[in-house]
Amino acid sequence: RVSKRASDVRDLLARYTSAQTLLEDAQTASELAQEDASFQEEEDACLARLEEMLDSFEIESWFDGPYDDSGAILTIHPGSGGLEAQDWTEMLFRMYTRYAERKNWKVTVNDAPAGEAIGLDRATFTVSGHNAYGMLKSEQGVHRLVRISPTDAKKRRQTTFGGVEVLPVLPDDIEVEIDEGDLRIDVYHSSGHGGQGVNTTDSAVRITHLPTGIVVTCQNERSQLQNKATAMGILRSKLYELEQEKRANALDELRGPKHEISFGNQIRNYVLYPYQMVKDLRSGVETGNVDAVFDGDIDEFVVGYHQWRVSEAS
């Protein structure tokens with residue numbers, strides 16, 4: 001953990017030095033441009049890059065929580081909307097994995113079984129990268145989709161909901177006591193997302209924490225032992241969150257208030273019919289380019305949420 005922190009600090013200092021160099025280059029180009037107009041283009045390029053770096057520094061300054069720099073565990077559950085909600089779950093899953101690719105974050109799929117007819121029954125995956133949890137906290141909540149149903153022969157408009165839970169990946173030195181006697185561990189035949197070769201043995205693991213009723217499943221690793229270890233890690237994060245709630249009565253710090261995954265509780269609307277628009281109901285950020293959003297271009301919503309959060313706290 002200390003080595004990771006040291007690496008992050010070294011990276012920050014290197015970027016700060018780079019920003020200083022850009023400023024000096026811009027100043028030099030500005031002075032030369034007074035005698036030779038061709039240097040104006042170089043000055044503009046330096047200032048544009050410097051502005052991008054300053055925006056990045058500002059965003060990073062917002063993440064001062066104890067686990068904001070950690071990886072994130074995302075779980076997507078279908079809400080009301082029937083089979084359509086399972087399709088929506090897969091659409092959200094793809095949106096977040098594409099977003100992670102854009103950020104050069106690593107994605108590990110832990111559990112993503114297929115739905116009854118379309119989409120996914122649920123999806124749990126881990127995102128590893130700098131400030132992944134801090135950034136992705138913006139996605140915690142209910143997401144509402146309005147579109148013409150692809151499964152309805154009469155082509156009627158359908159409203160569908162999906163719930164997104166975001167938890168931090170806890171460092172190994174965070175102790176969470178788990179009594180083995182409180183666990184029921186079941187193994188079953190894997191049916192993971194994508195039909196991997198691992199789905200030929202009873203390697204999938206379902207862990208039920210009997211005192212709390214929390215259920216965690218993992219089936220996308222190569223062996224039963226790997227699936228069990230991953231599931232236990234997710235269970236640790238869930239139990240830690242629960243303990244934080246009991247101790248401080250501050251569930252919002254890690255998870256946000258729980259709401260039914262249905263109308264009236266959404267944080268963001270994705271409308272495909274009768275017009276096209278995605279709008280965040282907290283920050284007010286909106287766009288008509290829905291295709292780009294579903295392809296993972298959601299940085300304006302993530303950053304917009306944190307700008308709103310910081311302004312609300314000040």
# chains A, B, ... in the order shown; residues from 1 in each chain; ligands from 1

call {"tool": "residues_around", "arguments": {"residues": "Tyr99 in chain A", "least_positions_apart": "6", "cutoff": "12 Å", "atoms": "only C-alpha atoms", "output": "PyMOL selection string"}}
result
chain A and resi 92-93+105-107+127+129+132+135-136+139+292-302

call {"tool": "residues_around", "arguments": {"residues": "Val164 in chain A", "least_positions_apart": "5", "cutoff": "8 Å", "atoms": "only C-alpha atoms", "output": "list in words"}}
result
Leu74, Thr75, Ile76, His77, Glu139, Gln140, Gly141, Val142 and His143 of chain A

call {"tool": "write_last_selection", "arguments": {"atoms": "N, CA and C atoms", "output": "PDB file, in the first residue's frame"}}
result
ATOM      1  N   LEU A  74     -18.273  -2.775  -8.993  1.00  0.00           N
ATOM      2  CA  LEU A  74     -19.587  -2.348  -9.481  1.00  0.00           C
ATOM      3  C   LEU A  74     -20.506  -3.552  -9.614  1.00  0.00           C
ATOM      4  N   THR A  75     -21.725  -3.405  -9.138  1.00  0.00           N
ATOM      5  CA  THR A  75     -22.748  -4.426  -9.316  1.00  0.00           C
ATOM      6  C   THR A  75     -23.968  -3.774  -9.949  1.00  0.00           C
ATOM      7  N   ILE A  76     -24.450  -4.353 -11.039  1.00  0.00           N
ATOM      8  CA  ILE A  76     -25.622  -3.837 -11.741  1.00  0.00           C
ATOM      9  C   ILE A  76     -26.757  -4.845 -11.592  1.00  0.00           C
ATOM     10  N   HIS A  77     -27.899  -4.368 -11.088  1.00  0.00           N
ATOM     11  CA  HIS A  77     -29.080  -5.212 -10.922  1.00  0.00           C
ATOM     12  C   HIS A  77     -30.209  -4.693 -11.811  1.00  0.00           C
ATOM     13  N   GLU A 139     -21.778   7.016 -10.148  1.00  0.00           N
ATOM     14  CA  GLU A 139     -22.723   6.133 -10.836  1.00  0.00           C
ATOM     15  C   GLU A 139     -23.627   5.365  -9.892  1.00  0.00           C
ATOM     16  N   GLN A 140     -23.431   5.540  -8.588  1.00  0.00           N
ATOM     17  CA  GLN A 140     -24.246   4.861  -7.590  1.00  0.00           C
ATOM     18  C   GLN A 140     -25.692   5.341  -7.660  1.00  0.00           C
ATOM     19  N   GLY A 141     -26.623   4.429  -7.909  1.00  0.00           N
ATOM     20  CA  GLY A 141     -28.022   4.815  -7.916  1.00  0.00           C
ATOM     21  C   GLY A 141     -28.814   4.119  -9.011  1.00  0.00           C
ATOM     22  N   VAL A 142     -30.004   4.671  -9.289  1.00  0.00           N
ATOM     23  CA  VAL A 142     -30.939   4.088 -10.250  1.00  0.00           C
ATOM     24  C   VAL A 142     -30.821   4.804 -11.593  1.00  0.00           C
ATOM     25  N   HIS A 143     -30.736   4.029 -12.664  1.00  0.00           N
ATOM     26  CA  HIS A 143     -30.613   4.552 -14.023  1.00  0.00           C
ATOM     27  C   HIS A 143     -31.862   4.168 -14.812  1.00  0.00           C
TER      28      HIS A 143
END

call {"tool": "closest_residue", "arguments": {"among": "A:Leu145, A:Lys228, A:Phe57, A:Ala117", "to": "Lys279 in chain A", "atoms": "only C-alpha atoms"}}
result
A:Leu145

call {"tool": "atom_distance", "arguments": {"atom1": "CA of Ala19 in chain A", "atom2": "CA of Pro66 in chain A"}}
result
27.0 Å

call {"tool": "residues_around", "arguments": {"residues": "Arg282 in chain A", "least_positions_apart": "4", "cutoff": "8 Å", "atoms": "only C-alpha atoms", "output": "compact mmCIF listing (two decimals) with N, CA, C and O atoms, in the first residue's frame"}}
result
# COMPACT_ATOMS: atom_id res chain seq x y z
N ILE A 267 -31.20 8.58 -10.82
CA ILE A 267 -30.22 9.66 -10.81
C ILE A 267 -29.97 10.18 -12.22
O ILE A 267 -29.49 11.29 -12.39
N ARG A 268 -30.29 9.35 -13.22
CA ARG A 268 -30.02 9.74 -14.60
C ARG A 268 -31.05 9.12 -15.54
O ARG A 268 -31.44 7.97 -15.35
N TYR A 305 -20.92 15.40 -12.08
CA TYR A 305 -21.46 15.02 -10.77
C TYR A 305 -20.55 15.50 -9.65
O TYR A 305 -21.00 16.06 -8.64
N TRP A 308 -20.72 19.15 -9.09
CA TRP A 308 -21.95 19.45 -8.35
C TRP A 308 -21.80 19.09 -6.88
O TRP A 308 -22.18 19.85 -5.99

call {"tool": "select_by_dssp", "arguments": {"residues": "range 15-229 of chain A", "states": "strand (DSSP E or B)", "output": "PyMOL selection string"}}
result
chain A and resi 72-78+106-111+114+120+123-128+141-148+157-168+183-188+204-209+214-218

call {"tool": "atom_distance", "arguments": {"atom1": "CA of Arg15 in chain A", "atom2": "CA of Met53 in chain A"}}
result
8.0 Å

call {"tool": "closest_residue", "arguments": {"among": "A:Arg147, A:Lys246, A:Arg184, A:Arg49", "to": "Val290 in chain A", "atoms": "only C-alpha atoms"}}
result
A:Arg147

call {"tool": "residues_around", "arguments": {"residues": "Asp173 in chain A", "least_positions_apart": "5", "cutoff": "12 Å", "atoms": "only C-alpha atoms", "output": "PyMOL selection string"}}
result
chain A and resi 1-2+236

call {"tool": "residues_around", "arguments": {"residues": "Lys4 in chain A", "least_positions_apart": "6", "cutoff": "12 Å", "atoms": "only C-alpha atoms", "output": "PyMOL selection string"}}
result
chain A and resi 10-11+69-70+129-130+171

call {"tool": "write_last_selection", "arguments": {"atoms": "all heavy atoms", "output": "mmCIF file, in the first residue's frame"}}
result
data_model
loop_
_atom_site.group_PDB
_atom_site.id
_atom_site.type_symbol
_atom_site.label_atom_id
_atom_site.label_comp_id
_atom_site.auth_asym_id
_atom_site.auth_seq_id
_atom_site.Cartn_x
_atom_site.Cartn_y
_atom_site.Cartn_z
ATOM 1 N N ARG A 10 4.883 10.148 -6.889
ATOM 2 C CA ARG A 10 5.922 10.396 -7.899
ATOM 3 C C ARG A 10 5.300 10.783 -9.238
ATOM 4 O O ARG A 10 5.788 11.684 -9.933
ATOM 5 C CB ARG A 10 6.807 9.152 -8.054
ATOM 6 C CG ARG A 10 7.836 8.980 -6.938
ATOM 7 C CD ARG A 10 8.878 7.937 -7.302
ATOM 8 N NE ARG A 10 8.287 6.595 -7.352
ATOM 9 C CZ ARG A 10 8.262 5.762 -6.326
ATOM 10 N NH1 ARG A 10 8.793 6.113 -5.171
ATOM 11 N NH2 ARG A 10 7.736 4.559 -6.455
ATOM 12 N N ASP A 11 4.210 10.102 -9.589
ATOM 13 C CA ASP A 11 3.520 10.414 -10.844
ATOM 14 C C ASP A 11 2.949 11.831 -10.809
ATOM 15 O O ASP A 11 3.041 12.583 -11.788
ATOM 16 C CB ASP A 11 2.403 9.397 -11.077
ATOM 17 C CG ASP A 11 1.567 9.727 -12.304
ATOM 18 O OD1 ASP A 11 2.102 9.643 -13.425
ATOM 19 O OD2 ASP A 11 0.378 10.069 -12.141
ATOM 20 N N ASP A 69 -8.825 6.514 -3.959
ATOM 21 C CA ASP A 69 -7.794 6.120 -4.916
ATOM 22 C C ASP A 69 -7.768 4.617 -5.156
ATOM 23 O O ASP A 69 -6.895 4.109 -5.863
ATOM 24 C CB ASP A 69 -6.415 6.598 -4.454
ATOM 25 C CG ASP A 69 -5.991 5.971 -3.128
ATOM 26 O OD1 ASP A 69 -6.857 5.399 -2.432
ATOM 27 O OD2 ASP A 69 -4.793 6.049 -2.780
ATOM 28 N N SER A 70 -8.726 3.902 -4.574
ATOM 29 C CA SER A 70 -8.775 2.451 -4.711
ATOM 30 C C SER A 70 -9.525 2.037 -5.967
ATOM 31 O O SER A 70 -10.135 2.854 -6.658
ATOM 32 C CB SER A 70 -9.470 1.822 -3.488
ATOM 33 O OG SER A 70 -8.818 2.162 -2.294
ATOM 34 N N GLY A 129 -7.748 1.013 -11.208
ATOM 35 C CA GLY A 129 -7.104 2.158 -11.829
ATOM 36 C C GLY A 129 -7.055 3.331 -10.871
ATOM 37 O O GLY A 129 -7.715 3.325 -9.819
ATOM 38 N N HIS A 130 -6.283 4.352 -11.217
ATOM 39 C CA HIS A 130 -6.098 5.510 -10.344
ATOM 40 C C HIS A 130 -7.424 6.237 -10.129
ATOM 41 O O HIS A 130 -8.089 6.640 -11.082
ATOM 42 C CB HIS A 130 -5.076 6.460 -10.960
ATOM 43 C CG HIS A 130 -4.748 7.644 -10.112
ATOM 44 N ND1 HIS A 130 -4.318 7.536 -8.801
ATOM 45 C CD2 HIS A 130 -4.807 8.987 -10.372
ATOM 46 C CE1 HIS A 130 -4.116 8.732 -8.305
ATOM 47 N NE2 HIS A 130 -4.405 9.629 -9.225
ATOM 48 N N PRO A 171 -8.109 -2.362 0.900
ATOM 49 C CA PRO A 171 -6.717 -2.832 1.010
ATOM 50 C C PRO A 171 -6.636 -4.014 1.967
ATOM 51 O O PRO A 171 -7.494 -4.187 2.838
ATOM 52 C CB PRO A 171 -5.972 -1.604 1.552
ATOM 53 C CG PRO A 171 -7.015 -0.739 2.167
ATOM 54 C CD PRO A 171 -8.280 -0.985 1.408
#

call {"tool": "residues_around", "arguments": {"residues": "range 112-116 of chain A", "least_positions_apart": "2", "cutoff": "10 Å", "atoms": "only C-alpha atoms", "output": "JSON, numbers by chain"}}
result
{"A": [75, 76, 78, 83, 84, 85, 86, 87, 89, 90, 93, 109, 110, 118, 119, 120, 121, 122, 123, 124, 125, 190, 191, 192, 193, 194, 195, 217, 218, 219, 220]}

call {"tool": "atom_distance", "arguments": {"atom1": "CA of Ala313 in chain A", "atom2": "CA of Glu243 in chain A"}}
result
24.6 Å

call {"tool": "residues_around", "arguments": {"residues": "Val215 in chain A", "least_positions_apart": "6", "cutoff": "9 Å", "atoms": "only C-alpha atoms", "output": "VMD selection string"}}
result
chain A and resid 206 to 209 235

call {"tool": "closest_residue", "arguments": {"among": "A:Thr126, A:Gln34, A:Ser311, A:Thr21", "to": "Gly71 in chain A", "atoms": "only C-alpha atoms"}}
result
A:Thr126

call {"tool": "decode", "arguments": {"residues": "range 36-66 of chain A", "atoms": "N, CA, C and O atoms", "output": "PDB file, in the first residue's frame"}}
result
ATOM      1  N   ASP A  36       7.811  37.391 -34.113  1.00  0.00           N
ATOM      2  CA  ASP A  36       7.549  36.449 -35.200  1.00  0.00           C
ATOM      3  C   ASP A  36       6.199  35.781 -34.937  1.00  0.00           C
ATOM      4  O   ASP A  36       6.070  34.965 -34.019  1.00  0.00           O
ATOM      5  N   ALA A  37       5.189  36.122 -35.718  1.00  0.00           N
ATOM      6  CA  ALA A  37       3.825  35.636 -35.489  1.00  0.00           C
ATOM      7  C   ALA A  37       3.695  34.124 -35.582  1.00  0.00           C
ATOM      8  O   ALA A  37       2.722  33.535 -35.087  1.00  0.00           O
ATOM      9  N   SER A  38       4.670  33.454 -36.194  1.00  0.00           N
ATOM     10  CA  SER A  38       4.574  32.000 -36.344  1.00  0.00           C
ATOM     11  C   SER A  38       4.644  31.274 -35.004  1.00  0.00           C
ATOM     12  O   SER A  38       4.227  30.115 -34.875  1.00  0.00           O
ATOM     13  N   PHE A  39       5.168  31.953 -33.958  1.00  0.00           N
ATOM     14  CA  PHE A  39       5.257  31.330 -32.638  1.00  0.00           C
ATOM     15  C   PHE A  39       3.919  31.360 -31.890  1.00  0.00           C
ATOM     16  O   PHE A  39       3.789  30.740 -30.836  1.00  0.00           O
ATOM     17  N   GLN A  40       2.932  32.076 -32.421  1.00  0.00           N
ATOM     18  CA  GLN A  40       1.629  32.162 -31.763  1.00  0.00           C
ATOM     19  C   GLN A  40       0.963  30.787 -31.683  1.00  0.00           C
ATOM     20  O   GLN A  40       0.322  30.432 -30.684  1.00  0.00           O
ATOM     21  N   GLU A  41       1.117  30.014 -32.748  1.00  0.00           N
ATOM     22  CA  GLU A  41       0.528  28.668 -32.782  1.00  0.00           C
ATOM     23  C   GLU A  41       1.130  27.785 -31.693  1.00  0.00           C
ATOM     24  O   GLU A  41       0.411  27.021 -31.028  1.00  0.00           O
ATOM     25  N   GLU A  42       2.422  27.888 -31.474  1.00  0.00           N
ATOM     26  CA  GLU A  42       3.075  27.102 -30.428  1.00  0.00           C
ATOM     27  C   GLU A  42       2.598  27.529 -29.042  1.00  0.00           C
ATOM     28  O   GLU A  42       2.360  26.690 -28.164  1.00  0.00           O
ATOM     29  N   GLU A  43       2.428  28.837 -28.852  1.00  0.00           N
ATOM     30  CA  GLU A  43       1.921  29.325 -27.563  1.00  0.00           C
ATOM     31  C   GLU A  43       0.525  28.786 -27.294  1.00  0.00           C
ATOM     32  O   GLU A  43       0.222  28.315 -26.184  1.00  0.00           O
ATOM     33  N   ASP A  44      -0.340  28.839 -28.308  1.00  0.00           N
ATOM     34  CA  ASP A  44      -1.714  28.352 -28.145  1.00  0.00           C
ATOM     35  C   ASP A  44      -1.742  26.866 -27.806  1.00  0.00           C
ATOM     36  O   ASP A  44      -2.533  26.429 -26.955  1.00  0.00           O
ATOM     37  N   ALA A  45      -0.869  26.088 -28.458  1.00  0.00           N
ATOM     38  CA  ALA A  45      -0.818  24.649 -28.202  1.00  0.00           C
ATOM     39  C   ALA A  45      -0.371  24.366 -26.765  1.00  0.00           C
ATOM     40  O   ALA A  45      -0.939  23.503 -26.083  1.00  0.00           O
ATOM     41  N   CYS A  46       0.630  25.094 -26.291  1.00  0.00           N
ATOM     42  CA  CYS A  46       1.109  24.916 -24.917  1.00  0.00           C
ATOM     43  C   CYS A  46       0.032  25.268 -23.900  1.00  0.00           C
ATOM     44  O   CYS A  46      -0.175  24.552 -22.905  1.00  0.00           O
ATOM     45  N   LEU A  47      -0.663  26.363 -24.131  1.00  0.00           N
ATOM     46  CA  LEU A  47      -1.703  26.803 -23.195  1.00  0.00           C
ATOM     47  C   LEU A  47      -2.878  25.837 -23.176  1.00  0.00           C
ATOM     48  O   LEU A  47      -3.479  25.589 -22.116  1.00  0.00           O
ATOM     49  N   ALA A  48      -3.224  25.278 -24.336  1.00  0.00           N
ATOM     50  CA  ALA A  48      -4.329  24.320 -24.393  1.00  0.00           C
ATOM     51  C   ALA A  48      -3.985  23.060 -23.597  1.00  0.00           C
ATOM     52  O   ALA A  48      -4.817  22.534 -22.834  1.00  0.00           O
ATOM     53  N   ARG A  49      -2.770  22.563 -23.769  1.00  0.00           N
ATOM     54  CA  ARG A  49      -2.339  21.382 -23.028  1.00  0.00           C
ATOM     55  C   ARG A  49      -2.242  21.681 -21.537  1.00  0.00           C
ATOM     56  O   ARG A  49      -2.628  20.861 -20.694  1.00  0.00           O
ATOM     57  N   LEU A  50      -1.782  22.879 -21.184  1.00  0.00           N
ATOM     58  CA  LEU A  50      -1.668  23.267 -19.784  1.00  0.00           C
ATOM     59  C   LEU A  50      -3.052  23.338 -19.142  1.00  0.00           C
ATOM     60  O   LEU A  50      -3.243  22.913 -17.994  1.00  0.00           O
ATOM     61  N   GLU A  51      -4.023  23.834 -19.876  1.00  0.00           N
ATOM     62  CA  GLU A  51      -5.390  23.917 -19.350  1.00  0.00           C
ATOM     63  C   GLU A  51      -5.940  22.525 -19.053  1.00  0.00           C
ATOM     64  O   GLU A  51      -6.598  22.310 -18.023  1.00  0.00           O
ATOM     65  N   GLU A  52      -5.649  21.577 -19.935  1.00  0.00           N
ATOM     66  CA  GLU A  52      -6.090  20.205 -19.706  1.00  0.00           C
ATOM     67  C   GLU A  52      -5.469  19.643 -18.422  1.00  0.00           C
ATOM     68  O   GLU A  52      -6.150  18.983 -17.628  1.00  0.00           O
ATOM     69  N   MET A  53      -4.187  19.911 -18.226  1.00  0.00           N
ATOM     70  CA  MET A  53      -3.505  19.397 -17.042  1.00  0.00           C
ATOM     71  C   MET A  53      -4.037  20.041 -15.764  1.00  0.00           C
ATOM     72  O   MET A  53      -4.218  19.369 -14.737  1.00  0.00           O
ATOM     73  N   LEU A  54      -4.327  21.335 -15.809  1.00  0.00           N
ATOM     74  CA  LEU A  54      -4.870  22.016 -14.632  1.00  0.00           C
ATOM     75  C   LEU A  54      -6.257  21.487 -14.288  1.00  0.00           C
ATOM     76  O   LEU A  54      -6.599  21.335 -13.106  1.00  0.00           O
ATOM     77  N   ASP A  55      -7.062  21.204 -15.312  1.00  0.00           N
ATOM     78  CA  ASP A  55      -8.381  20.604 -15.072  1.00  0.00           C
ATOM     79  C   ASP A  55      -8.217  19.245 -14.388  1.00  0.00           C
ATOM     80  O   ASP A  55      -8.969  18.907 -13.461  1.00  0.00           O
ATOM     81  N   SER A  56      -7.237  18.464 -14.838  1.00  0.00           N
ATOM     82  CA  SER A  56      -6.985  17.151 -14.246  1.00  0.00           C
ATOM     83  C   SER A  56      -6.554  17.278 -12.792  1.00  0.00           C
ATOM     84  O   SER A  56      -7.016  16.522 -11.929  1.00  0.00           O
ATOM     85  N   PHE A  57      -5.683  18.247 -12.501  1.00  0.00           N
ATOM     86  CA  PHE A  57      -5.263  18.465 -11.114  1.00  0.00           C
ATOM     87  C   PHE A  57      -6.452  18.845 -10.232  1.00  0.00           C
ATOM     88  O   PHE A  57      -6.562  18.406  -9.086  1.00  0.00           O
ATOM     89  N   GLU A  58      -7.335  19.697 -10.757  1.00  0.00           N
ATOM     90  CA  GLU A  58      -8.502  20.111  -9.972  1.00  0.00           C
ATOM     91  C   GLU A  58      -9.396  18.918  -9.650  1.00  0.00           C
ATOM     92  O   GLU A  58      -9.865  18.759  -8.517  1.00  0.00           O
ATOM     93  N   ILE A  59      -9.631  18.075 -10.651  1.00  0.00           N
ATOM     94  CA  ILE A  59     -10.475  16.899 -10.439  1.00  0.00           C
ATOM     95  C   ILE A  59      -9.880  15.996  -9.363  1.00  0.00           C
ATOM     96  O   ILE A  59     -10.578  15.516  -8.465  1.00  0.00           O
ATOM     97  N   GLU A  60      -8.572  15.773  -9.426  1.00  0.00           N
ATOM     98  CA  GLU A  60      -7.925  14.907  -8.442  1.00  0.00           C
ATOM     99  C   GLU A  60      -8.024  15.476  -7.033  1.00  0.00           C
ATOM    100  O   GLU A  60      -8.063  14.726  -6.053  1.00  0.00           O
ATOM    101  N   SER A  61      -8.070  16.784  -6.913  1.00  0.00           N
ATOM    102  CA  SER A  61      -8.150  17.401  -5.585  1.00  0.00           C
ATOM    103  C   SER A  61      -9.483  17.124  -4.897  1.00  0.00           C
ATOM    104  O   SER A  61      -9.608  17.294  -3.691  1.00  0.00           O
ATOM    105  N   TRP A  62     -10.468  16.691  -5.669  1.00  0.00           N
ATOM    106  CA  TRP A  62     -11.793  16.410  -5.092  1.00  0.00           C
ATOM    107  C   TRP A  62     -11.830  15.068  -4.373  1.00  0.00           C
ATOM    108  O   TRP A  62     -12.726  14.810  -3.582  1.00  0.00           O
ATOM    109  N   PHE A  63     -10.860  14.189  -4.656  1.00  0.00           N
ATOM    110  CA  PHE A  63     -10.920  12.832  -4.133  1.00  0.00           C
ATOM    111  C   PHE A  63     -10.010  12.699  -2.915  1.00  0.00           C
ATOM    112  O   PHE A  63      -8.837  12.328  -3.033  1.00  0.00           O
ATOM    113  N   ASP A  64     -10.569  13.009  -1.751  1.00  0.00           N
ATOM    114  CA  ASP A  64      -9.794  12.961  -0.518  1.00  0.00           C
ATOM    115  C   ASP A  64     -10.360  11.948   0.468  1.00  0.00           C
ATOM    116  O   ASP A  64      -9.990  11.927   1.635  1.00  0.00           O
ATOM    117  N   GLY A  65     -11.288  11.086   0.007  1.00  0.00           N
ATOM    118  CA  GLY A  65     -11.828  10.044   0.863  1.00  0.00           C
ATOM    119  C   GLY A  65     -10.795   8.953   1.102  1.00  0.00           C
ATOM    120  O   GLY A  65      -9.818   8.826   0.351  1.00  0.00           O
ATOM    121  N   PRO A  66     -10.986   8.138   2.152  1.00  0.00           N
ATOM    122  CA  PRO A  66      -9.966   7.133   2.508  1.00  0.00           C
ATOM    123  C   PRO A  66      -9.726   6.099   1.421  1.00  0.00           C
ATOM    124  O   PRO A  66      -8.637   5.535   1.337  1.00  0.00           O
TER     125      PRO A  66
END
